[in-house]
Amino acid sequence: MKYIIYKVLAIITMLACLTGCRTDNTISSSDASNTASTEENNEIKVNFLNVGKADCIAIEIEDKLIMIDTGTTESIEVVDEYLELKGYDTIDMLFITHFDKDHVGGAAHLIENYNVGKVITTFYEAKVSDELDNYHAALEEKGITPDLVSSDETLNVGDVSFAIYPPQQTEYEKDTSNNSSLVIRMVYGDTSFLFAGDAQKERINELLEIPDLQSDVLKIPHHGNLEKNSEDLIDYIDPDYAVITCSDEEPEDDELVELLEDREITTYLTRDGMVSITSDGETLSVSQFVFM
């Protein structure tokens, strides 16, 4: 499989790309020649937003928008800007991998201000916070009952499949909240992505027991923090690309980046800008929008 790698180094280019994409969620056949080729319509796009040391991933599949986590309350403006640029007022499916503030922080805002369809999350709530209370209040106000995943599930959105792996325990020796993360493997054609939430040592050990988890792209768990079995996970998933969600104030661990470099895995840090990966089902192309 051949991959195209390129970096866009100016905000002007980023805006041109984003605004050049479809801002209307529907395209008639008569409009298709003016907006995108058939090949482009068959592409999906996975965007790792730059929301600091937090997760917010937006996946564009035809006219659908799937989101994994919501960043923090402080970074919600970044999410709003992305949704406005792309013309989305509907989030068809929202995954909350777990309930730490840096994953559920923006959830209440999104539920209150956008048309949110299905909400899917872990069965285990290990934290108490204002952000979690606000999330529950927003769900109640909108009449949304989240799907709590307690056993392996697979969902399909068009030709894209999402395999959902919940935690195998209700209590962990350490960091129960992070270790309760849903882990999601997305497959489109011959390309695959693994979103590992904030899995730490015990949860990583569970992942190592799941067959056929190898993926082209690995969202490194827990913002690039090194675990004793991080090397085992990287070798097991065997990715071509890695994405680390981090910030300048709270950067990734150097030792983990060295593990990736030693394996010649191309690594992107969201603190350097939003990472956007496009798949046509056969190849991947990667862009990073770096703010100069």
# chains A, B, ... in the order shown; residues from 1 in each chain; ligands from 1

call {"tool": "residues_around", "arguments": {"residues": "Ser230 of chain A", "least_positions_apart": "6", "cutoff": "8 Å", "atoms": "only C-alpha atoms", "output": "number ranges by chain"}}
result
A: 201, 204, 256

call {"tool": "residues_around", "arguments": {"residues": "Ile184 of chain A", "least_positions_apart": "3", "cutoff": "7 Å", "atoms": "only C-alpha atoms", "output": "PyMOL selection string"}}
result
chain A and resi 162-165+194-196

call {"tool": "write_last_selection", "arguments": {"atoms": "N, CA, C and O atoms", "output": "PDB file, in the first residue's frame"}}
result
ATOM      1  N   PHE A 162     -17.113   0.447  12.484  1.00  0.00           N
ATOM      2  CA  PHE A 162     -16.544   0.829  13.764  1.00  0.00           C
ATOM      3  C   PHE A 162     -16.680  -0.352  14.711  1.00  0.00           C
ATOM      4  O   PHE A 162     -17.803  -0.723  15.092  1.00  0.00           O
ATOM      5  N   ALA A 163     -15.561  -0.965  15.080  1.00  0.00           N
ATOM      6  CA  ALA A 163     -15.550  -2.002  16.100  1.00  0.00           C
ATOM      7  C   ALA A 163     -15.270  -1.336  17.437  1.00  0.00           C
ATOM      8  O   ALA A 163     -14.272  -0.627  17.581  1.00  0.00           O
ATOM      9  N   ILE A 164     -16.139  -1.565  18.419  1.00  0.00           N
ATOM     10  CA  ILE A 164     -16.063  -0.873  19.701  1.00  0.00           C
ATOM     11  C   ILE A 164     -15.695  -1.888  20.777  1.00  0.00           C
ATOM     12  O   ILE A 164     -16.387  -2.902  20.953  1.00  0.00           O
ATOM     13  N   TYR A 165     -14.618  -1.598  21.491  1.00  0.00           N
ATOM     14  CA  TYR A 165     -14.124  -2.498  22.523  1.00  0.00           C
ATOM     15  C   TYR A 165     -14.219  -1.805  23.884  1.00  0.00           C
ATOM     16  O   TYR A 165     -13.471  -0.869  24.162  1.00  0.00           O
ATOM     17  N   LEU A 194      -6.968   3.034  14.691  1.00  0.00           N
ATOM     18  CA  LEU A 194      -7.269   2.613  16.052  1.00  0.00           C
ATOM     19  C   LEU A 194      -7.216   3.833  16.959  1.00  0.00           C
ATOM     20  O   LEU A 194      -6.181   4.498  17.069  1.00  0.00           O
ATOM     21  N   PHE A 195      -8.349   4.114  17.609  1.00  0.00           N
ATOM     22  CA  PHE A 195      -8.465   5.228  18.542  1.00  0.00           C
ATOM     23  C   PHE A 195      -8.458   4.636  19.950  1.00  0.00           C
ATOM     24  O   PHE A 195      -9.423   3.994  20.372  1.00  0.00           O
ATOM     25  N   ALA A 196      -7.350   4.851  20.670  1.00  0.00           N
ATOM     26  CA  ALA A 196      -7.106   4.111  21.912  1.00  0.00           C
ATOM     27  C   ALA A 196      -7.450   4.888  23.173  1.00  0.00           C
ATOM     28  O   ALA A 196      -7.050   4.491  24.269  1.00  0.00           O
TER      29      ALA A 196
END

call {"tool": "residues_around", "arguments": {"residues": "Asp198 of chain A", "least_positions_apart": "5", "cutoff": "6 Å", "atoms": "only C-alpha atoms", "output": "PyMOL selection string"}}
result
chain A and resi 178+221-222

call {"tool": "select_by_dssp", "arguments": {"residues": "segment 28-252 of chain A", "states": "strand (DSSP E or B)", "output": "PyMOL selection string"}}
result
chain A and resi 44-48+57-61+64-68+90-96+115-122+147-149+153-157+160-165+183-188+191-195+217-219+241-244

call {"tool": "closest_residue", "arguments": {"among": "A:Ile111, A:Leu233, A:Ser192, A:Ser150", "to": "Ala137 of chain A", "atoms": "only C-alpha atoms"}}
result
A:Ile111
